[in-house]
$ cat coords-v3.cif   # mmCIF, C-alpha atoms
data_structure
#
loop_
_atom_site.group_PDB
_atom_site.id
_atom_site.type_symbol
_atom_site.label_atom_id
_atom_site.label_comp_id
_atom_site.auth_asym_id
_atom_site.auth_seq_id
_atom_site.Cartn_x
_atom_site.Cartn_y
_atom_site.Cartn_z
ATOM 1 C CA MET A 351 120.578 105.529 45.310
ATOM 2 C CA ILE A 352 119.900 109.206 46.195
ATOM 3 C CA THR A 353 122.127 111.729 44.348
ATOM 4 C CA GLY A 354 122.488 115.501 43.869
ATOM 5 C CA ILE A 355 121.044 118.354 45.912
ATOM 6 C CA THR A 356 117.904 116.459 46.938
ATOM 7 C CA GLY A 357 120.040 113.654 48.381
ATOM 8 C CA THR A 358 122.160 116.119 50.389
ATOM 9 C CA ARG A 359 119.054 117.771 51.836
ATOM 10 C CA LEU A 360 117.543 114.412 52.814
ATOM 11 C CA ARG A 361 120.781 113.304 54.483
ATOM 12 C CA ARG A 362 120.975 116.601 56.400
ATOM 13 C CA ALA A 363 117.342 116.308 57.524
ATOM 14 C CA ALA A 364 117.972 112.728 58.677
ATOM 15 C CA ALA A 365 121.067 113.823 60.617
ATOM 16 C CA VAL A 366 119.116 116.626 62.364
ATOM 17 C CA ALA A 367 116.287 114.216 63.201
ATOM 18 C CA VAL A 368 118.731 111.692 64.724
ATOM 19 C CA THR A 369 120.472 114.411 66.772
ATOM 20 C CA SER A 370 117.132 115.800 68.045
ATOM 21 C CA GLY A 371 116.020 112.292 68.976
ATOM 22 C CA ALA A 372 119.228 111.734 70.930
ATOM 23 C CA LEU A 373 118.757 115.026 72.801
ATOM 24 C CA LEU A 374 115.147 114.183 73.582
ATOM 25 C CA ALA A 375 116.127 110.738 74.875
ATOM 26 C CA THR A 376 118.891 112.213 77.038
ATOM 27 C CA GLY A 377 116.498 114.863 78.371
ATOM 28 C CA ALA A 378 113.950 112.196 79.304
ATOM 29 C CA LEU A 379 116.569 110.265 81.276
ATOM 30 C CA THR A 380 117.838 113.254 83.216
ATOM 31 C CA ALA A 381 114.353 114.652 83.902
ATOM 32 C CA ALA A 382 113.068 111.626 85.817
ATOM 33 C CA PRO A 383 115.800 110.210 88.073
ATOM 34 C CA ALA A 384 113.213 109.401 90.791
ATOM 35 C CA GLN A 385 111.622 106.771 88.547
ATOM 36 C CA ALA A 386 114.891 105.034 87.722
ATOM 37 C CA VAL A 387 114.939 102.989 90.935
ATOM 38 C CA ALA A 388 116.155 99.418 90.539
ATOM 39 C CA THR A 389 113.504 96.881 91.525
ATOM 40 C CA PRO A 390 114.850 94.965 94.541
ATOM 41 C CA SER A 391 115.165 91.207 94.722
ATOM 42 C CA ILE A 392 114.026 89.485 97.924
ATOM 43 C CA VAL A 393 114.638 86.022 99.368
ATOM 44 C CA ALA A 394 111.030 85.640 100.586
ATOM 45 C CA LYS A 395 108.852 83.397 98.438
ATOM 46 C CA GLY A 396 106.195 86.109 98.192
ATOM 47 C CA GLY A 397 106.210 89.866 98.681
ATOM 48 C CA TYR A 398 103.987 92.873 98.182
ATOM 49 C CA LEU A 399 104.214 96.593 98.833
ATOM 50 C CA MET A 400 101.593 99.261 98.370
ATOM 51 C CA ASN A 401 101.116 102.978 98.798
ATOM 52 C CA ASN A 402 98.775 103.138 101.789
ATOM 53 C CA ALA A 403 97.204 106.397 100.571
ATOM 54 C CA ASN A 404 95.606 104.900 97.450
ATOM 55 C CA SER A 405 96.323 101.120 97.628
ATOM 56 C CA SER A 406 98.422 101.259 94.442
ATOM 57 C CA THR A 407 100.948 98.457 93.972
ATOM 58 C CA LEU A 408 104.625 99.411 94.346
ATOM 59 C CA PHE A 409 106.174 95.911 94.375
ATOM 60 C CA ASN A 410 104.880 92.453 93.583
ATOM 61 C CA LYS A 411 106.409 89.000 93.878
ATOM 62 C CA LYS A 412 103.768 86.264 93.740
ATOM 63 C CA MET A 413 101.386 88.708 95.402
ATOM 64 C CA ASP A 414 98.354 86.430 94.955
ATOM 65 C CA THR A 415 100.026 83.108 95.778
ATOM 66 C CA GLN A 416 98.431 81.374 98.775
ATOM 67 C CA LEU A 417 100.986 80.767 101.534
ATOM 68 C CA ALA A 418 100.959 79.897 105.232
ATOM 69 C CA THR A 419 100.872 83.030 107.369
ATOM 70 C CA GLY A 420 102.102 81.966 110.808
ATOM 71 C CA SER A 421 101.376 84.564 113.498
ATOM 72 C CA THR A 422 100.666 87.342 110.998
ATOM 73 C CA THR A 423 97.187 85.751 111.327
ATOM 74 C CA LYS A 424 96.935 87.658 114.625
ATOM 75 C CA ILE A 425 96.480 90.932 112.713
ATOM 76 C CA MET A 426 93.012 89.661 111.812
ATOM 77 C CA THR A 427 92.459 88.395 115.374
ATOM 78 C CA ALA A 428 93.055 91.937 116.653
ATOM 79 C CA LYS A 429 90.985 93.486 113.841
ATOM 80 C CA VAL A 430 87.959 91.319 114.704
ATOM 81 C CA VAL A 431 88.218 92.168 118.420
ATOM 82 C CA LEU A 432 88.536 95.899 117.703
ATOM 83 C CA ALA A 433 85.505 95.774 115.383
ATOM 84 C CA GLN A 434 83.163 94.578 118.186
ATOM 85 C CA SER A 435 80.348 96.997 118.885
ATOM 86 C CA ASN A 436 80.562 98.810 122.236
ATOM 87 C CA LEU A 437 84.027 97.357 122.832
ATOM 88 C CA ASN A 438 85.307 97.984 126.356
ATOM 89 C CA LEU A 439 89.123 97.798 126.331
ATOM 90 C CA ASP A 440 89.130 97.805 130.143
ATOM 91 C CA LYS A 441 86.905 94.724 130.407
ATOM 92 C CA LYS A 442 88.682 92.064 132.483
ATOM 93 C CA VAL A 443 89.128 88.522 131.207
ATOM 94 C CA THR A 444 90.008 85.668 133.585
ATOM 95 C CA ILE A 445 92.827 83.508 132.228
ATOM 96 C CA GLN A 446 91.726 79.865 131.971
ATOM 97 C CA LYS A 447 93.858 76.743 132.328
ATOM 98 C CA ALA A 448 92.788 75.771 128.783
ATOM 99 C CA TYR A 449 94.783 78.709 127.360
ATOM 100 C CA SER A 450 97.906 77.657 129.201
ATOM 101 C CA ASP A 451 97.480 73.976 128.258
ATOM 102 C CA TYR A 452 97.047 74.993 124.607
ATOM 103 C CA VAL A 453 100.349 76.874 124.356
ATOM 104 C CA VAL A 454 102.227 74.078 126.149
ATOM 105 C CA LYS A 455 100.711 71.409 123.885
ATOM 106 C CA ASN A 456 101.580 73.372 120.723
ATOM 107 C CA ASN A 457 104.938 74.696 121.963
ATOM 108 C CA ALA A 458 103.542 78.061 120.893
ATOM 109 C CA SER A 459 104.760 81.625 121.399
ATOM 110 C CA LEU A 460 103.181 83.049 124.535
ATOM 111 C CA ALA A 461 102.587 86.096 126.692
ATOM 112 C CA HIS A 462 103.110 83.963 129.859
ATOM 113 C CA LEU A 463 99.630 84.779 131.161
ATOM 114 C CA ILE A 464 98.956 83.327 134.621
ATOM 115 C CA VAL A 465 95.907 81.088 135.129
ATOM 116 C CA GLY A 466 93.377 82.833 137.370
ATOM 117 C CA ASP A 467 94.694 86.346 136.694
ATOM 118 C CA LYS A 468 92.284 88.976 135.404
ATOM 119 C CA VAL A 469 93.718 90.730 132.339
ATOM 120 C CA THR A 470 92.106 93.627 130.470
ATOM 121 C CA VAL A 471 91.239 93.355 126.777
ATOM 122 C CA ARG A 472 93.715 96.167 126.090
ATOM 123 C CA GLN A 473 96.470 94.181 127.823
ATOM 124 C CA LEU A 474 95.496 91.062 125.886
ATOM 125 C CA LEU A 475 95.926 93.006 122.618
ATOM 126 C CA TYR A 476 99.476 93.947 123.659
ATOM 127 C CA GLY A 477 100.123 90.329 124.674
ATOM 128 C CA LEU A 478 98.769 89.215 121.296
ATOM 129 C CA MET A 479 100.761 91.593 119.094
ATOM 130 C CA LEU A 480 104.098 92.164 120.884
ATOM 131 C CA PRO A 481 105.336 88.758 122.117
ATOM 132 C CA SER A 482 102.809 87.082 119.755
ATOM 133 C CA GLY A 483 101.051 85.328 122.623
ATOM 134 C CA CYS A 484 98.882 82.431 121.497
ATOM 135 C CA ASP A 485 97.497 82.347 125.064
ATOM 136 C CA ALA A 486 96.318 85.949 124.582
ATOM 137 C CA ALA A 487 94.842 85.015 121.186
ATOM 138 C CA TYR A 488 92.912 82.122 122.752
ATOM 139 C CA ALA A 489 91.611 84.376 125.534
ATOM 140 C CA LEU A 490 90.355 86.929 123.000
ATOM 141 C CA ALA A 491 88.739 84.296 120.742
ATOM 142 C CA ASP A 492 87.015 82.707 123.761
ATOM 143 C CA THR A 493 85.792 86.119 124.950
ATOM 144 C CA TYR A 494 84.540 87.496 121.620
ATOM 145 C CA GLY A 495 83.178 84.341 120.001
ATOM 146 C CA SER A 496 79.533 83.369 120.605
ATOM 147 C CA GLY A 497 78.457 79.975 121.923
ATOM 148 C CA SER A 498 77.718 77.926 125.023
ATOM 149 C CA THR A 499 81.050 76.022 124.964
ATOM 150 C CA ARG A 500 84.631 77.174 124.527
ATOM 151 C CA ASP A 501 84.983 75.153 121.296
ATOM 152 C CA ALA A 502 81.810 76.742 119.912
ATOM 153 C CA ARG A 503 83.004 80.244 120.827
ATOM 154 C CA VAL A 504 86.404 79.703 119.205
ATOM 155 C CA LYS A 505 84.791 78.308 116.059
ATOM 156 C CA ASN A 506 82.441 81.302 115.919
ATOM 157 C CA PHE A 507 85.330 83.741 116.355
ATOM 158 C CA ILE A 508 87.289 82.133 113.492
ATOM 159 C CA GLY A 509 84.095 82.459 111.435
ATOM 160 C CA LYS A 510 84.158 86.207 112.166
ATOM 161 C CA MET A 511 87.761 86.336 110.913
ATOM 162 C CA ASN A 512 86.710 84.731 107.612
ATOM 163 C CA THR A 513 83.694 87.039 107.311
ATOM 164 C CA ALA A 514 85.987 90.049 107.813
ATOM 165 C CA ALA A 515 88.256 88.754 105.023
ATOM 166 C CA LYS A 516 85.250 88.374 102.700
ATOM 167 C CA ASN A 517 84.065 91.879 103.580
ATOM 168 C CA LEU A 518 87.437 93.213 102.441
ATOM 169 C CA GLY A 519 86.909 91.415 99.110
ATOM 170 C CA LEU A 520 89.773 88.963 99.706
ATOM 171 C CA LYS A 521 89.472 85.770 97.675
ATOM 172 C CA ASN A 522 92.766 84.080 98.579
ATOM 173 C CA THR A 523 92.553 84.160 102.365
ATOM 174 C CA HIS A 524 91.149 81.577 104.781
ATOM 175 C CA PHE A 525 91.560 81.135 108.530
ATOM 176 C CA ASP A 526 91.105 77.943 110.482
ATOM 177 C CA SER A 527 92.766 79.249 113.636
ATOM 178 C CA PHE A 528 92.783 82.351 115.836
ATOM 179 C CA ASP A 529 96.593 82.530 115.988
ATOM 180 C CA GLY A 530 98.139 80.926 112.891
ATOM 181 C CA ILE A 531 98.540 77.417 114.317
ATOM 182 C CA GLY A 532 96.209 76.070 111.674
ATOM 183 C CA ASN A 533 95.068 72.665 110.491
ATOM 184 C CA GLY A 534 96.214 73.062 106.898
ATOM 185 C CA LYS A 535 93.608 75.640 105.912
ATOM 186 C CA ASN A 536 95.153 78.802 107.317
ATOM 187 C CA TYR A 537 96.510 80.790 104.408
ATOM 188 C CA SER A 538 96.638 84.175 102.769
ATOM 189 C CA THR A 539 98.714 86.012 100.165
ATOM 190 C CA PRO A 540 101.159 88.920 100.335
ATOM 191 C CA ARG A 541 98.565 91.272 98.829
ATOM 192 C CA ASP A 542 95.649 90.070 100.994
ATOM 193 C CA LEU A 543 97.652 90.302 104.226
ATOM 194 C CA THR A 544 98.772 93.813 103.320
ATOM 195 C CA LYS A 545 95.127 94.798 102.795
ATOM 196 C CA ILE A 546 94.119 93.262 106.139
ATOM 197 C CA ALA A 547 96.891 95.205 107.877
ATOM 198 C CA SER A 548 96.001 98.442 106.094
ATOM 199 C CA SER A 549 92.402 98.031 107.235
ATOM 200 C CA ALA A 550 93.465 97.203 110.821
ATOM 201 C CA MET A 551 95.689 100.309 110.897
ATOM 202 C CA LYS A 552 92.547 102.459 110.627
ATOM 203 C CA SER A 553 92.033 101.694 114.335
ATOM 204 C CA ALA A 554 93.911 104.124 116.601
ATOM 205 C CA THR A 555 94.188 101.413 119.274
ATOM 206 C CA PHE A 556 95.723 98.969 116.785
ATOM 207 C CA ARG A 557 98.202 101.608 115.577
ATOM 208 C CA THR A 558 99.253 102.383 119.145
ATOM 209 C CA VAL A 559 99.764 98.708 120.015
ATOM 210 C CA VAL A 560 101.782 97.677 116.949
ATOM 211 C CA LYS A 561 104.267 100.540 117.149
ATOM 212 C CA THR A 562 105.017 99.866 120.844
ATOM 213 C CA LYS A 563 108.456 98.333 121.467
ATOM 214 C CA THR A 564 107.872 97.141 125.042
ATOM 215 C CA TYR A 565 104.856 96.991 127.328
ATOM 216 C CA THR A 566 104.510 96.058 130.986
ATOM 217 C CA ALA A 567 101.080 94.794 132.027
ATOM 218 C CA LYS A 568 99.812 94.998 135.589
ATOM 219 C CA THR A 569 97.255 92.222 136.012
ATOM 220 C CA THR A 570 94.893 91.402 138.892
ATOM 221 C CA THR A 571 95.643 88.190 140.784
ATOM 222 C CA LYS A 572 93.073 85.696 142.120
ATOM 223 C CA SER A 573 93.376 87.255 145.592
ATOM 224 C CA GLY A 574 92.794 90.762 144.228
ATOM 225 C CA GLY A 575 96.416 91.880 144.319
ATOM 226 C CA THR A 576 98.436 93.387 141.469
ATOM 227 C CA ARG A 577 100.928 91.372 139.457
ATOM 228 C CA THR A 578 103.532 93.236 137.401
ATOM 229 C CA MET A 579 104.196 91.009 134.399
ATOM 230 C CA PRO A 580 107.670 90.750 132.839
ATOM 231 C CA ALA A 581 107.852 93.300 129.993
ATOM 232 C CA TRP A 582 106.563 92.124 126.631
ATOM 233 C CA LYS A 583 108.984 92.949 123.821
ATOM 234 C CA ASN A 584 107.771 93.496 120.266
ATOM 235 C CA THR A 585 109.107 90.799 117.928
ATOM 236 C CA ASN A 586 109.190 93.310 115.040
ATOM 237 C CA GLY A 587 112.864 94.319 114.844
ATOM 238 C CA LEU A 588 112.130 97.025 112.259
ATOM 239 C CA LEU A 589 110.786 99.259 115.043
ATOM 240 C CA SER A 590 114.368 99.643 116.269
ATOM 241 C CA SER A 591 116.268 99.336 113.006
ATOM 242 C CA TYR A 592 114.301 101.147 110.279
ATOM 243 C CA SER A 593 113.461 104.829 110.718
ATOM 244 C CA GLY A 594 109.765 105.604 110.358
ATOM 245 C CA THR A 595 108.491 102.065 111.093
ATOM 246 C CA ILE A 596 104.981 102.079 112.577
ATOM 247 C CA GLY A 597 104.212 98.294 112.715
ATOM 248 C CA VAL A 598 102.979 95.676 112.055
ATOM 249 C CA LYS A 599 103.466 91.949 112.891
ATOM 250 C CA THR A 600 105.897 89.054 112.594
ATOM 251 C CA GLY A 601 105.073 85.434 111.911
ATOM 252 C CA SER A 602 106.969 82.165 111.723
ATOM 253 C CA GLY A 603 106.460 78.439 111.693
ATOM 254 C CA PRO A 604 107.607 75.189 110.077
ATOM 255 C CA GLU A 605 105.381 75.770 107.039
ATOM 256 C CA ALA A 606 105.198 79.582 107.082
ATOM 257 C CA LYS A 607 109.001 80.011 107.466
ATOM 258 C CA TYR A 608 109.673 83.668 108.383
ATOM 259 C CA CYS A 609 107.014 86.288 107.647
ATOM 260 C CA LEU A 610 106.663 90.000 108.292
ATOM 261 C CA VAL A 611 103.871 92.475 107.659
ATOM 262 C CA PHE A 612 105.375 95.947 107.907
ATOM 263 C CA ALA A 613 104.548 99.630 107.545
ATOM 264 C CA ALA A 614 106.516 102.853 107.718
ATOM 265 C CA THR A 615 105.881 106.564 107.287
ATOM 266 C CA ARG A 616 108.417 109.063 105.922
ATOM 267 C CA ASN A 617 107.813 112.616 104.713
ATOM 268 C CA GLY A 618 104.086 112.190 105.213
ATOM 269 C CA LYS A 619 103.937 109.101 102.994
ATOM 270 C CA THR A 620 103.028 105.648 104.320
ATOM 271 C CA VAL A 621 103.929 102.382 102.606
ATOM 272 C CA ILE A 622 102.729 99.009 103.838
ATOM 273 C CA GLY A 623 103.680 95.521 102.737
ATOM 274 C CA THR A 624 104.265 91.847 103.440
ATOM 275 C CA VAL A 625 106.997 89.270 102.953
ATOM 276 C CA LEU A 626 106.052 85.602 103.336
ATOM 277 C CA ALA A 627 108.290 82.535 103.611
ATOM 278 C CA SER A 628 111.659 84.250 103.983
ATOM 279 C CA SER A 629 114.633 82.237 105.246
ATOM 280 C CA SER A 630 115.349 83.709 108.692
ATOM 281 C CA ILE A 631 114.427 86.517 111.095
ATOM 282 C CA ALA A 632 117.331 88.634 109.814
ATOM 283 C CA GLN A 633 116.406 87.926 106.182
ATOM 284 C CA ARG A 634 112.716 88.812 106.543
ATOM 285 C CA GLU A 635 113.798 92.146 108.020
ATOM 286 C CA ALA A 636 116.346 92.695 105.239
ATOM 287 C CA ASP A 637 113.666 91.874 102.644
ATOM 288 C CA ALA A 638 111.229 94.312 104.272
ATOM 289 C CA LYS A 639 113.815 97.113 104.476
ATOM 290 C CA LYS A 640 114.625 96.697 100.777
ATOM 291 C CA LEU A 641 110.936 96.998 99.879
ATOM 292 C CA LEU A 642 110.326 99.981 102.165
ATOM 293 C CA SER A 643 113.317 101.901 100.816
ATOM 294 C CA TYR A 644 112.285 101.033 97.260
ATOM 295 C CA GLY A 645 108.742 102.234 97.927
ATOM 296 C CA PHE A 646 109.868 105.567 99.375
ATOM 297 C CA ALA A 647 112.294 106.076 96.473
ATOM 298 C CA LYS A 648 109.496 105.438 93.971
ATOM 299 C CA LEU A 649 107.131 107.818 95.728
ATOM 300 C CA GLY A 650 109.897 110.470 95.820
#
$ encode --input "coords-v3.cif" --output "structure tokens"
Amino acid sequence: MITGITGTRLRRAAAVAVTSGALLATGALTAAPAQAVATPSIVAKGGYLMNNANSSTLFNKKMDTQLATGSTTKIMTAKVVLAQSNLNLDKKVTIQKAYSDYVVKNNASLAHLIVGDKVTVRQLLYGLMLPSGCDAAYALADTYGSGSTRDARVKNFIGKMNTAAKNLGLKNTHFDSFDGIGNGKNYSTPRDLTKIASSAMKSATFRTVVKTKTYTAKTTTKSGGTRTMPAWKNTNGLLSSYSGTIGVKTGSGPEAKYCLVFAATRNGKTVIGTVLASSSIAQREADAKKLLSYGFAKLG
């Protein structure tokens, strides 16, 4: 037991120390309100968000868990096409019956391309990314794969997709299709898909396409006339409902559920992310909005 003058001094010193500590703690809390942002909870099975400027992680939920990607696969399809040397976006591609048969057989999303029409590569990219046309994806894979048969060209193109993933250093991504309708070996992760999208967004053409809400293609018919296609509408609802959205791509399917790779810019800052296996179209958008708002709040 401490007694006398020494004890009084010690007690006083302790009291001052406690008070100073309390003031310091209070000061720390009031000085950094920007950091005190509650981490959101999302319905999606996996989610990831990063600061596009330096690739730093802002949010992570099972970011390296392999999941089906649905049509978010088409981000890589577009990336591979846009990486071709001496790419001519005005090159015309004749739509084959095989592309039409493929979408009918798979009950796939389509751009409603007409067999025999000549469609430019630029138009095919819009048909790929806005209405998520698997017919457009097939046309691009057939055009930019190498080989003497259509099957060989498609296989070669998918090989280019996997090479591109490897070149980005992605270890949890594999493609076995050009559009997301895979054979059990088409998968990625929230983090890998975000990196693929971030890389694709370096292309000015890609950026222009994925932020477009509607696009009307004028194709060339067999007889040389002009066909005005019904307008393609972008399936990414964030473009109309979240200020600053600049892309990127939706995906869905029985295994993939509802997916969305998304990006937005506010106050000169860009955040980019992915939600995989959410429960509905509305929910994937709600999940994405939560992550975007969280990211911007964290970046201040």
$ residues_around --input "coords-v3.cif" --residues "stretch 467-484 of chain A" --least-positions-apart "6" --cutoff "7 Å" --atoms "all atoms listed in the file" --output "PyMOL selection string"
chain A and resi 421+428+439-445+453+458-461+529+559-560+567+569-572+582-585+599
$ closest_residue --input "coords-v3.cif" --among "A:Asn456, A:Ser496, A:Asn404, A:Thr427" --to "A:Phe556" --atoms "all atoms listed in the file"
A:Thr427
$ atom_distance --input "coords-v3.cif" --atom1 "atom CA of A:Ile392" --atom2 "atom CA of A:Asp637"
5.3 Å
$ resolve_selection --input "coords-v3.cif" --expression "the PyMOL selection byres ((chain A and resi 502-507) around 9)" --output "list in words"
Thr427, Val430, Tyr488, Leu490, Ala491, Asp492, Thr493, Tyr494, Gly495, Ser496, Gly497, Ser498, Thr499, Arg500, Asp501, Ile508, Gly509, Lys510, Met511, Asn512, Asp526, Ser527 and Phe528 of chain A
$ closest_residue --input "coords-v3.cif" --among "A:Gly603, A:Gly397, A:Gly466, A:Gly618" --to "A:Gly574" --atoms "all atoms listed in the file"
A:Gly466
$ atom_distance --input "coords-v3.cif" --atom1 "atom CA of A:Leu543" --atom2 "atom CA of A:Asn436"
26.2 Å
$ atom_distance --input "coords-v3.cif" --atom1 "atom CA of A:Lys619" --atom2 "atom CA of A:Val431"
27.8 Å
$ closest_residue --input "coords-v3.cif" --among "A:Gly519, A:Tyr452, A:Thr539, A:Lys447" --to "A:Val465" --atoms "all atoms listed in the file"
A:Lys447
$ resolve_selection --input "coords-v3.cif" --expression "the PyMOL selection byres ((chain A and resi 410-413) around 12)" --output "PyMOL selection string"
chain A and resi 389-400+406-409+414-417+522+538-545+623-627+637+641+644-645
$ residues_around --input "coords-v3.cif" --residues "A:Ala418" --least-positions-apart "3" --cutoff "7 Å" --atoms "all atoms listed in the file" --output "MDAnalysis selection string"
chainID A and resid 536:538 605:606
$ write_last_selection --input "coords-v3.cif" --atoms "C-alpha atoms" --output "CSV table (one decimal), in the frame of the given file"
chain,number,residue,atom,x,y,z
A,536,ASN,CA,95.2,78.8,107.3
A,537,TYR,CA,96.5,80.8,104.4
A,538,SER,CA,96.6,84.2,102.8
A,605,GLU,CA,105.4,75.8,107.0
A,606,ALA,CA,105.2,79.6,107.1
